[in-house]
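Colleague: So that you have it, the file is protein.pdb, and it contains PDB, C-alpha atoms:
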```
ATOM      1  CA  MET A   1     -11.557   4.392  26.004
ATOM      2  CA  SER A   2     -10.406   1.055  24.702
ATOM      3  CA  LEU A   3      -6.791   1.624  25.708
ATOM      4  CA  ALA A   4      -6.427   1.169  29.431
ATOM      5  CA  VAL A   5      -3.550   3.347  30.541
ATOM      6  CA  ALA A   6      -2.121   3.727  34.010
ATOM      7  CA  ALA A   7       0.343   6.167  35.531
ATOM      8  CA  THR A   8       2.869   3.368  36.010
ATOM      9  CA  ASP A   9       2.962   2.560  32.280
ATOM     10  CA  ARG A  10       5.869   3.722  30.219
ATOM     11  CA  PHE A  11       5.390   5.268  26.834
ATOM     12  CA  VAL A  12       7.344   5.846  23.666
ATOM     13  CA  ILE A  13       7.127   9.604  23.102
ATOM     14  CA  PHE A  14       7.561  10.959  19.592
ATOM     15  CA  SER A  15       7.057  14.106  17.584
ATOM     16  CA  LEU A  16       5.103  14.592  14.395
ATOM     17  CA  ALA A  17       4.389  17.901  12.683
ATOM     18  CA  GLY A  18       5.320  19.868  15.793
ATOM     19  CA  GLU A  19       3.019  17.921  18.120
ATOM     20  CA  THR A  20       3.979  15.300  20.701
ATOM     21  CA  TYR A  21       2.371  11.879  20.747
ATOM     22  CA  ALA A  22       2.833   8.653  22.700
ATOM     23  CA  VAL A  23       2.058   4.954  22.492
ATOM     24  CA  PRO A  24       2.465   2.397  25.312
ATOM     25  CA  VAL A  25       5.986   0.972  25.315
ATOM     26  CA  GLY A  26       4.545  -2.550  25.495
ATOM     27  CA  SER A  27       3.070  -2.107  22.020
ATOM     28  CA  VAL A  28       6.378  -1.043  20.443
ATOM     29  CA  ARG A  29       8.642  -3.662  18.909
ATOM     30  CA  GLU A  30      11.330  -1.389  17.557
ATOM     31  CA  VAL A  31      12.127   1.956  16.012
ATOM     32  CA  VAL A  32      13.831   1.978  12.605
ATOM     33  CA  ASP A  33      15.060   4.590  10.191
ATOM     34  CA  ALA A  34      12.554   4.512   7.358
ATOM     35  CA  PRO A  35      13.877   2.204   4.651
ATOM     36  CA  ALA A  36      12.413   2.673   1.196
ATOM     37  CA  VAL A  37       8.678   2.140   1.552
ATOM     38  CA  THR A  38       7.152   0.214  -1.356
ATOM     39  CA  PRO A  39       3.760   1.687  -2.245
ATOM     40  CA  VAL A  40       0.783  -0.615  -2.830
ATOM     41  CA  PRO A  41      -1.651   0.600  -5.465
ATOM     42  CA  ARG A  42      -5.216   1.332  -4.447
ATOM     43  CA  THR A  43      -5.114   0.553  -0.771
ATOM     44  CA  HIS A  44      -6.316   2.716   2.135
ATOM     45  CA  PRO A  45      -5.040   6.304   1.706
ATOM     46  CA  SER A  46      -3.411   6.132   5.145
ATOM     47  CA  ILE A  47      -1.259   3.168   4.118
ATOM     48  CA  GLU A  48       2.029   4.538   2.812
ATOM     49  CA  GLY A  49       3.140   1.099   1.645
ATOM     50  CA  ILE A  50       5.047  -1.921   2.865
ATOM     51  CA  VAL A  51       8.574  -2.552   4.094
ATOM     52  CA  ASN A  52      10.578  -5.679   4.721
ATOM     53  CA  LEU A  53      11.834  -5.899   8.287
ATOM     54  CA  ARG A  54      14.123  -8.899   8.537
ATOM     55  CA  GLY A  55      11.935 -11.068   6.402
ATOM     56  CA  ASN A  56       8.578  -9.787   7.604
ATOM     57  CA  VAL A  57       6.488  -7.701   5.259
ATOM     58  CA  VAL A  58       5.092  -4.914   7.398
ATOM     59  CA  PRO A  59       2.490  -2.318   6.404
ATOM     60  CA  VAL A  60       3.453   1.292   7.084
ATOM     61  CA  VAL A  61       0.839   3.846   8.136
ATOM     62  CA  HIS A  62       1.375   7.497   7.193
ATOM     63  CA  LEU A  63       0.515   8.666  10.684
ATOM     64  CA  GLY A  64       0.356  12.344   9.727
ATOM     65  CA  ARG A  65      -2.259  11.607   7.106
ATOM     66  CA  ARG A  66      -4.124   9.184   9.341
ATOM     67  CA  LEU A  67      -4.339  11.808  12.098
ATOM     68  CA  GLY A  68      -5.025  14.569   9.601
ATOM     69  CA  VAL A  69      -2.103  16.685  10.816
ATOM     70  CA  THR A  70       0.326  16.591   7.880
ATOM     71  CA  GLU A  71       0.798  15.203   4.372
ATOM     72  CA  ARG A  72       4.555  15.561   4.703
ATOM     73  CA  ASP A  73       6.634  12.374   4.675
ATOM     74  CA  SER A  74       8.515  11.337   7.781
ATOM     75  CA  ARG A  75      11.709   9.352   8.035
ATOM     76  CA  CYS A  76      11.340   7.294  11.193
ATOM     77  CA  ILE A  77       9.177   4.217  11.729
ATOM     78  CA  VAL A  78       7.817   3.212  15.113
ATOM     79  CA  VAL A  79       6.971  -0.465  14.697
ATOM     80  CA  VAL A  80       4.065  -1.509  16.894
ATOM     81  CA  GLU A  81       2.464  -4.881  17.473
ATOM     82  CA  TRP A  82      -1.221  -4.627  17.990
ATOM     83  CA  HIS A  83      -3.791  -7.418  17.971
ATOM     84  CA  ASP A  84      -1.274  -9.791  16.373
ATOM     85  CA  GLU A  85      -0.495  -7.414  13.532
ATOM     86  CA  VAL A  86       2.865  -5.700  13.188
ATOM     87  CA  VAL A  87       2.504  -2.186  11.790
ATOM     88  CA  GLY A  88       4.899   0.686  11.170
ATOM     89  CA  LEU A  89       3.952   4.261  12.027
ATOM     90  CA  LEU A  90       5.794   7.055  10.210
ATOM     91  CA  VAL A  91       6.826   9.745  12.719
ATOM     92  CA  ASP A  92       9.328  12.616  12.722
ATOM     93  CA  GLU A  93      11.454  11.668  15.709
ATOM     94  CA  VAL A  94      11.347   9.501  18.808
ATOM     95  CA  ALA A  95      12.077  11.724  21.810
ATOM     96  CA  ALA A  96      11.945   9.489  24.872
ATOM     97  CA  VAL A  97      10.708   6.377  26.613
ATOM     98  CA  ARG A  98       9.260   7.338  29.973
ATOM     99  CA  PRO A  99       6.252   7.179  32.281
ATOM    100  CA  LEU A 100       3.577   9.857  32.001
ATOM    101  CA  GLU A 101       2.067  11.333  35.137
ATOM    102  CA  ASN A 102      -1.398  12.774  35.650
ATOM    103  CA  LEU A 103      -2.900  11.084  32.632
ATOM    104  CA  GLN A 104      -6.269  12.473  31.735
ATOM    105  CA  THR A 105      -8.548   9.973  30.000
ATOM    106  CA  GLU A 106     -11.933  11.679  30.208
ATOM    107  CA  GLY A 107     -13.397  14.868  28.806
ATOM    108  CA  ILE A 108     -10.728  15.366  26.135
ATOM    109  CA  HIS A 109     -11.649  17.479  23.140
ATOM    110  CA  GLY A 110      -9.481  18.565  20.227
ATOM    111  CA  ALA A 111      -6.175  17.560  21.819
ATOM    112  CA  GLY A 112      -3.140  17.930  19.556
ATOM    113  CA  GLY A 113      -5.313  18.852  16.610
ATOM    114  CA  VAL A 114      -6.432  15.264  16.048
ATOM    115  CA  SER A 115      -9.869  13.696  15.999
ATOM    116  CA  ASP A 116     -10.993  12.726  19.528
ATOM    117  CA  GLN A 117     -11.541   9.128  18.411
ATOM    118  CA  PHE A 118      -7.776   8.588  18.145
ATOM    119  CA  VAL A 119      -6.982   9.988  21.602
ATOM    120  CA  ALA A 120      -6.741   7.533  24.511
ATOM    121  CA  ALA A 121      -5.365  10.013  27.042
ATOM    122  CA  ILE A 122      -3.426  13.231  27.416
ATOM    123  CA  ALA A 123      -0.697  14.354  29.782
ATOM    124  CA  ARG A 124       1.414  17.437  30.434
ATOM    125  CA  LEU A 125       5.176  17.221  30.398
ATOM    126  CA  GLU A 126       7.324  19.234  32.831
ATOM    127  CA  ASP A 127       7.846  21.879  30.151
ATOM    128  CA  ASP A 128       4.047  22.166  29.816
ATOM    129  CA  ARG A 129       4.033  20.406  26.445
ATOM    130  CA  LEU A 130       0.889  18.395  25.774
ATOM    131  CA  VAL A 131       1.361  14.689  25.029
ATOM    132  CA  VAL A 132      -1.417  12.888  23.204
ATOM    133  CA  VAL A 133      -1.536   9.144  23.930
ATOM    134  CA  LEU A 134      -2.887   7.506  20.796
ATOM    135  CA  ASP A 135      -5.613   4.856  20.735
ATOM    136  CA  LEU A 136      -3.999   2.216  18.530
ATOM    137  CA  THR A 137      -7.185   0.196  18.164
ATOM    138  CA  ARG A 138      -8.986   3.106  16.555
ATOM    139  CA  LEU A 139      -5.928   4.282  14.682
ATOM    140  CA  LEU A 140      -5.348   0.924  13.015
ATOM    141  CA  ASP A 141      -8.968   0.194  12.216
ATOM    142  CA  LEU A 142      -8.885   0.996   8.505
ATOM    143  CA  ARG A 143     -11.940  -0.958   7.471
ATOM    144  CA  GLU A 144     -14.291   0.843   5.150
ATOM    145  CA  ARG A 145     -17.384   2.187   6.824
TER     146      ARG A 145
ATOM    147  CA  MET B   1      17.587 -28.844  -0.600
ATOM    148  CA  THR B   2      13.842 -28.919  -0.474
ATOM    149  CA  GLY B   3      13.558 -29.394  -4.222
ATOM    150  CA  GLU B   4      10.688 -26.970  -4.243
ATOM    151  CA  GLN B   5       9.536 -26.250  -7.744
ATOM    152  CA  GLU B   6      10.125 -22.812  -9.154
ATOM    153  CA  HIS B   7       7.577 -20.860 -11.142
ATOM    154  CA  LYS B   8       8.133 -18.158 -13.685
ATOM    155  CA  TYR B   9       6.934 -14.628 -13.216
ATOM    156  CA  LEU B  10       7.020 -11.690 -15.580
ATOM    157  CA  ALA B  11       8.505  -8.668 -13.827
ATOM    158  CA  PHE B  12       7.606  -5.161 -14.980
ATOM    159  CA  THR B  13       7.663  -1.600 -13.748
ATOM    160  CA  LEU B  14       5.111   1.128 -13.242
ATOM    161  CA  ALA B  15       6.324   4.543 -12.089
ATOM    162  CA  ASP B  16       9.655   3.003 -10.969
ATOM    163  CA  GLN B  17       7.912   0.418  -8.807
ATOM    164  CA  GLU B  18       8.456  -3.263  -9.457
ATOM    165  CA  PHE B  19       5.584  -5.640 -10.030
ATOM    166  CA  ALA B  20       5.218  -9.187 -11.261
ATOM    167  CA  SER B  21       2.580 -11.449 -12.736
ATOM    168  CA  ASP B  22       2.463 -15.224 -12.959
ATOM    169  CA  ILE B  23       3.739 -15.828 -16.472
ATOM    170  CA  ALA B  24       1.020 -18.436 -17.037
ATOM    171  CA  ALA B  25      -1.463 -15.537 -17.089
ATOM    172  CA  VAL B  26       0.462 -13.732 -19.847
ATOM    173  CA  ARG B  27      -0.398 -14.571 -23.477
ATOM    174  CA  GLU B  28       2.031 -12.235 -25.149
ATOM    175  CA  ILE B  29       3.750  -8.873 -24.955
ATOM    176  CA  ARG B  30       3.221  -6.262 -27.645
ATOM    177  CA  ALA B  31       4.256  -2.754 -28.518
ATOM    178  CA  PRO B  32       1.218  -0.458 -28.248
ATOM    179  CA  GLU B  33       0.623  -0.010 -31.961
ATOM    180  CA  ARG B  34      -2.283   2.145 -33.043
ATOM    181  CA  VAL B  35      -4.342   2.191 -29.877
ATOM    182  CA  ALA B  36      -7.598   3.824 -30.959
ATOM    183  CA  PRO B  37      -9.271   5.787 -28.150
ATOM    184  CA  LEU B  38     -12.947   5.137 -27.463
ATOM    185  CA  PRO B  39     -15.441   7.881 -26.623
ATOM    186  CA  GLU B  40     -17.111   7.914 -23.219
ATOM    187  CA  SER B  41     -15.017   5.194 -21.717
ATOM    188  CA  PRO B  42     -13.445   4.857 -18.243
ATOM    189  CA  ASP B  43     -10.279   6.951 -17.877
ATOM    190  CA  TYR B  44      -8.110   3.838 -17.409
ATOM    191  CA  LEU B  45      -9.222   2.452 -20.778
ATOM    192  CA  LEU B  46      -6.725   3.800 -23.321
ATOM    193  CA  GLY B  47      -8.651   2.401 -26.256
ATOM    194  CA  VAL B  48      -8.533  -0.673 -28.426
ATOM    195  CA  MET B  49      -5.813  -2.264 -30.505
ATOM    196  CA  ASP B  50      -5.922  -4.762 -33.309
ATOM    197  CA  LEU B  51      -4.354  -8.069 -32.343
ATOM    198  CA  ARG B  52      -4.276 -10.150 -35.523
ATOM    199  CA  GLY B  53      -7.818  -9.192 -36.359
ATOM    200  CA  GLN B  54      -9.102  -9.276 -32.777
ATOM    201  CA  VAL B  55     -10.166  -5.991 -31.185
ATOM    202  CA  VAL B  56      -8.523  -5.891 -27.743
ATOM    203  CA  PRO B  57      -9.185  -3.244 -25.075
ATOM    204  CA  VAL B  58      -6.019  -1.715 -23.599
ATOM    205  CA  VAL B  59      -5.968  -0.686 -19.934
ATOM    206  CA  ASP B  60      -3.321   1.719 -18.650
ATOM    207  CA  LEU B  61      -2.233   0.256 -15.308
ATOM    208  CA  ARG B  62      -0.729   3.592 -14.298
ATOM    209  CA  ARG B  63      -4.123   5.251 -14.593
ATOM    210  CA  ARG B  64      -5.824   2.269 -13.044
ATOM    211  CA  PHE B  65      -3.540   2.560 -10.020
ATOM    212  CA  ARG B  66      -3.828   6.364  -9.908
ATOM    213  CA  MET B  67      -0.131   6.802 -10.472
ATOM    214  CA  PRO B  68       1.406   9.912 -12.038
ATOM    215  CA  PRO B  69       1.069  10.050 -15.837
ATOM    216  CA  ARG B  70       3.746   8.341 -17.903
ATOM    217  CA  PRO B  71       6.379  10.708 -19.281
ATOM    218  CA  ALA B  72       5.967  11.492 -22.983
ATOM    219  CA  GLU B  73       9.330   9.923 -23.861
ATOM    220  CA  ALA B  74       8.417   6.564 -22.269
ATOM    221  CA  ALA B  75       8.130   3.505 -24.508
ATOM    222  CA  PRO B  76       5.511   1.421 -22.708
ATOM    223  CA  VAL B  77       4.516  -2.124 -23.637
ATOM    224  CA  VAL B  78       1.209  -3.954 -23.525
ATOM    225  CA  VAL B  79       0.974  -7.235 -21.628
ATOM    226  CA  ILE B  80      -1.836  -9.296 -23.128
ATOM    227  CA  VAL B  81      -3.800 -11.288 -20.559
ATOM    228  CA  GLU B  82      -7.158 -12.988 -20.312
ATOM    229  CA  VAL B  83      -9.711 -11.559 -17.889
ATOM    230  CA  ALA B  84     -12.911 -13.538 -17.332
ATOM    231  CA  GLY B  85     -12.705 -14.977 -20.834
ATOM    232  CA  GLN B  86     -11.885 -11.587 -22.411
ATOM    233  CA  VAL B  87      -8.509 -10.798 -23.937
ATOM    234  CA  VAL B  88      -7.279  -7.522 -22.421
ATOM    235  CA  GLY B  89      -4.066  -5.555 -22.847
ATOM    236  CA  MET B  90      -2.434  -4.080 -19.741
ATOM    237  CA  MET B  91      -0.059  -1.216 -20.475
ATOM    238  CA  VAL B  92       3.036  -1.166 -18.261
ATOM    239  CA  ASP B  93       6.149   1.006 -18.381
ATOM    240  CA  ARG B  94       8.715  -1.684 -19.070
ATOM    241  CA  VAL B  95       9.077  -5.449 -18.865
ATOM    242  CA  THR B  96      12.277  -6.029 -16.923
ATOM    243  CA  GLU B  97      12.869  -9.762 -16.542
ATOM    244  CA  VAL B  98      11.453 -13.217 -16.076
ATOM    245  CA  LEU B  99      11.864 -14.322 -12.467
ATOM    246  CA  SER B 100      12.136 -17.942 -11.375
ATOM    247  CA  LEU B 101      10.884 -18.234  -7.827
ATOM    248  CA  PRO B 102       9.274 -20.895  -5.652
ATOM    249  CA  SER B 103       5.675 -20.045  -4.722
ATOM    250  CA  SER B 104       6.866 -19.845  -1.125
ATOM    251  CA  ALA B 105       8.865 -16.704  -1.998
ATOM    252  CA  TRP B 106       5.600 -14.780  -1.905
ATOM    253  CA  THR B 107       4.019 -13.736   1.352
ATOM    254  CA  PRO B 108       0.415 -12.549   1.400
ATOM    255  CA  PRO B 109      -0.107  -8.792   1.772
ATOM    256  CA  PRO B 110      -0.532  -7.761   5.426
ATOM    257  CA  PRO B 111      -4.206  -7.658   6.539
ATOM    258  CA  LEU B 112      -3.974  -3.902   7.103
ATOM    259  CA  VAL B 113      -3.517  -3.428   3.358
ATOM    260  CA  GLN B 114      -7.199  -2.823   2.697
ATOM    261  CA  GLY B 115      -9.237  -1.491  -0.186
ATOM    262  CA  PRO B 116      -9.353  -2.573  -3.833
ATOM    263  CA  ALA B 117      -5.731  -3.781  -3.549
ATOM    264  CA  ARG B 118      -6.942  -6.821  -1.587
ATOM    265  CA  ALA B 119      -8.522  -8.220  -4.734
ATOM    266  CA  PHE B 120      -5.460  -8.064  -6.968
ATOM    267  CA  VAL B 121      -2.333  -8.017  -4.789
ATOM    268  CA  ALA B 122      -1.539 -11.718  -4.632
ATOM    269  CA  GLY B 123       1.691 -11.478  -2.686
ATOM    270  CA  VAL B 124       4.918  -9.689  -1.935
ATOM    271  CA  ALA B 125       8.444 -11.005  -2.379
ATOM    272  CA  ASP B 126      11.805  -9.698  -1.288
ATOM    273  CA  LEU B 127      14.445  -9.826  -3.994
ATOM    274  CA  GLU B 128      17.755  -8.825  -2.481
ATOM    275  CA  GLY B 129      16.185  -5.952  -0.598
ATOM    276  CA  ARG B 130      13.711  -4.908  -3.290
ATOM    277  CA  LEU B 131      10.060  -5.582  -2.555
ATOM    278  CA  ILE B 132       8.139  -6.829  -5.567
ATOM    279  CA  VAL B 133       4.356  -6.803  -5.593
ATOM    280  CA  LEU B 134       2.722  -9.790  -7.288
ATOM    281  CA  LEU B 135      -0.398  -8.777  -9.172
ATOM    282  CA  ASP B 136      -3.247 -11.012 -10.236
ATOM    283  CA  LEU B 137      -3.831  -9.215 -13.536
ATOM    284  CA  SER B 138      -7.145 -11.016 -14.002
ATOM    285  CA  ARG B 139      -8.471  -9.203 -10.912
ATOM    286  CA  VAL B 140      -7.191  -5.680 -11.499
ATOM    287  CA  LEU B 141     -10.590  -5.024 -13.033
ATOM    288  CA  SER B 142     -13.778  -6.171 -11.341
ATOM    289  CA  ALA B 143     -16.012  -8.548 -13.293
ATOM    290  CA  ALA B 144     -18.399  -5.647 -14.006
ATOM    291  CA  GLU B 145     -15.565  -3.444 -15.267
ATOM    292  CA  ALA B 146     -14.185  -6.227 -17.459
ATOM    293  CA  ALA B 147     -17.658  -6.732 -18.942
ATOM    294  CA  GLU B 148     -18.016  -2.982 -19.517
ATOM    295  CA  ILE B 149     -14.762  -2.607 -21.423
ATOM    296  CA  ALA B 150     -15.453  -5.799 -23.396
ATOM    297  CA  GLU B 151     -18.741  -4.268 -24.477
ATOM    298  CA  LEU B 152     -17.055  -0.984 -25.401
ATOM    299  CA  ALA B 153     -14.405  -2.869 -27.392
ATOM    300  CA  ALA B 154     -17.035  -4.949 -29.160
ATOM    301  CA  SER B 155     -18.871  -1.821 -30.309
ATOM    302  CA  ALA B 156     -15.652  -0.184 -31.524
TER     303      ALA B 156
END
```
Mind turning the file's structure into structure tokens?

Modeller:
Amino acid sequence: MSLAVAATDRFVIFSLAGETYAVPVGSVREVVDAPAVTPVPRTHPSIEGIVNLRGNVVPVVHLGRRLGVTERDSRCIVVVEWHDEVVGLLVDEVAAVRPLENLQTEGIHGAGGVSDQFVAAIARLEDDRLVVVLDLTRLLDLRER
Amino acid sequence: MTGEQEHKYLAFTLADQEFASDIAAVREIRAPERVAPLPESPDYLLGVMDLRGQVVPVVDLRRRFRMPPRPAEAAPVVVIVEVAGQVVGMMVDRVTEVLSLPSSAWTPPPPLVQGPARAFVAGVADLEGRLIVLLDLSRVLSAAEAAEIAELAASA
């Protein structure tokens, strides 16, 4: 897995289409209520458009479509900085910022209904909910293959 | 005051989104009079129109950008541009204004904006909270596509 995660790391936990996902808190710049997203014609289908965040034009990824879990639009943007690019991820709701214990990084298959390539790790919350830690490198690699 | 020189841009809409083109690329703006459809042509090619004796292919930018079809009551206009030496009409919903902006108002599209858009999205500008996408209308069609529609128009 390209995303090295440790039990001491804290994560931003969010919900999308009834599932629970997480990204490392160090990758998150801010969380904003989705302003109007300006579509860009004929770009990658997972790119919902662009927004202006205090003077910076930031691409917004329709995370539900990228993960293949929902086509529905979400209203909250988790802004991440990854490999020098600032990117917004459309999610339903941010639930918490917290550490995750007992992270499992190996032998994961079909977690959270998303393709294994996007999964860096999984963990169980106290209420037995499954949290899928996303692999941002794979998620944001939108080059044509 | 930096004294930076301003340029003029033609602003127009497609499906309620705002776009702009460098006005230097625009030859004229016409009403779409008598656009004659051509058989067996790409779906984005509406047909040809007569521009003072010259047969000019007309491209529907909505179709080109895979946007929803234009409502029947719309009164679109055709922006006449030159693409690789060919005169081409680009149908848009409405021309809204001429913007005067310094070139520095435009920021390049973020690298994550991939796909065909990379060829023709020249920049993005923020106008009082509205994001406007600057199009290079000469690159909305690839060279091969421009040649194809020129050939179709010539045989019309």

Colleague: The ChimeraX specification (/B :<10) & /A on the file shown: which residues, as a ChimeraX atom specification?

Modeller: /A:35-61,85-87,140-144

Colleague: Please provide as a list in words all residues within 12 Å of Pro39 in chain B, with the sequence filter that same-chain residues fewer than 2 positions apart are discarded (counting all atoms listed in the file).

Modeller: Ala36, Pro37, Ser41, Pro42, Asp43, Leu45, Leu46, Gly47, Val48, Ile149, Leu152, Ala153, Ser155 and Ala156 of chain B

Colleague: Distance CA of Arg139 in chain B-CA of Thr96 in chain B, one decimal place?

Modeller: 21.8 Å

Colleague: Step by step, work through what the PyMOL selection byres ((chain B and resi 51-54) around 10) selects in the shown file, and finish by giving those residues as a list in words.

Modeller: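 Applying the PyMOL selection byres ((chain B and resi 51-54) around 10) to the structure shown produces Arg30, Glu33, Val48, Met49, Asp50, Val55, Val56, Pro57, Ile80, Val87, Gly89, Ala153 and Ala154 of chain B.
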
Colleague: Leaving out Leu10 in chain B and any residue of its chain fewer than 6 positions from it, which residues lie within 7 Å of it when counting all atoms listed in the file, given as a PyMOL selection string?

Modeller: chain B and resi 20-23+97-99

Colleague: For the PyMOL selection byres ((chain B and resi 71) around 12), applied here, can you spell out every residue it catches as a short mmCIF file (atom, residue, chain, number, x, y, z; two decimals) with C-alpha atoms, in the coordinates of the input?

Modeller:
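The resulting part-v3.cif:
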```cif
data_model
loop_
_atom_site.label_atom_id
_atom_site.label_comp_id
_atom_site.auth_asym_id
_atom_site.auth_seq_id
_atom_site.Cartn_x
_atom_site.Cartn_y
_atom_site.Cartn_z
CA LEU B 14 5.11 1.13 -13.24
CA ALA B 15 6.32 4.54 -12.09
CA ASP B 16 9.65 3.00 -10.97
CA ARG B 62 -0.73 3.59 -14.30
CA MET B 67 -0.13 6.80 -10.47
CA PRO B 68 1.41 9.91 -12.04
CA PRO B 69 1.07 10.05 -15.84
CA ARG B 70 3.75 8.34 -17.90
CA ALA B 72 5.97 11.49 -22.98
CA GLU B 73 9.33 9.92 -23.86
CA ALA B 74 8.42 6.56 -22.27
CA ALA B 75 8.13 3.50 -24.51
CA PRO B 76 5.51 1.42 -22.71
CA ASP B 93 6.15 1.01 -18.38
#
```

Colleague: How many Å separate CA of Thr137 in chain A from CA of Glu106 in chain A?

Modeller: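 Distance reported for this atom pair: 17.3 Å.
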
Colleague: So what do you get for CA of Glu4 in chain B versus CA of Val26 in chain B, distance-wise?

Modeller: 22.9 Å

Colleague: Which polymer residues, whether protein, DNA or RNA, lie within 7 Å of the coordinate (0.6, -5.7, -22.0) when you count all atoms listed in the file? List them as a list in words, using the chain letters and numbers from the file.

Modeller: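 It turns out the residues near that spot are Ile29, Arg30, Val77, Val78, Val79, Ile80, Gly89, Met90, Met91 and Val92 of chain B.
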
Colleague: I'd like the neighbourhood of range 19-25 of chain A as an mmCIF file with C-alpha atoms, in the frame of the given file, where a residue qualifies if any of its atoms comes within 8 Å (using all atoms listed in the file), though same-chain residues fewer than 4 positions away should be ignored.

Modeller:
```
data_model
loop_
_atom_site.group_PDB
_atom_site.id
_atom_site.type_symbol
_atom_site.label_atom_id
_atom_site.label_comp_id
_atom_site.auth_asym_id
_atom_site.auth_seq_id
_atom_site.Cartn_x
_atom_site.Cartn_y
_atom_site.Cartn_z
ATOM 1 C CA ASP A 9 2.962 2.560 32.280
ATOM 2 C CA ARG A 10 5.869 3.722 30.219
ATOM 3 C CA PHE A 11 5.390 5.268 26.834
ATOM 4 C CA VAL A 12 7.344 5.846 23.666
ATOM 5 C CA ILE A 13 7.127 9.604 23.102
ATOM 6 C CA PHE A 14 7.561 10.959 19.592
ATOM 7 C CA SER A 15 7.057 14.106 17.584
ATOM 8 C CA VAL A 97 10.708 6.377 26.613
ATOM 9 C CA GLY A 112 -3.140 17.930 19.556
ATOM 10 C CA ARG A 129 4.033 20.406 26.445
ATOM 11 C CA LEU A 130 0.889 18.395 25.774
ATOM 12 C CA VAL A 131 1.361 14.689 25.029
ATOM 13 C CA VAL A 132 -1.417 12.888 23.204
ATOM 14 C CA VAL A 133 -1.536 9.144 23.930
ATOM 15 C CA LEU A 134 -2.887 7.506 20.796
ATOM 16 C CA ASP A 135 -5.613 4.856 20.735
ATOM 17 C CA LEU A 136 -3.999 2.216 18.530
#
```

Colleague: Produce the centre coordinates and the three edge lengths, each in Å to one decimal, of the box along x, y and z that contains all listed atoms of range 101-114 of chain A with 8 Å added on each side, as AutoDock Vina command-line options.

Modeller:
```
--center_x -5.7 --center_y 14.4 --center_z 25.8 --size_x 31.5 --size_y 24.9 --size_z 35.6
```
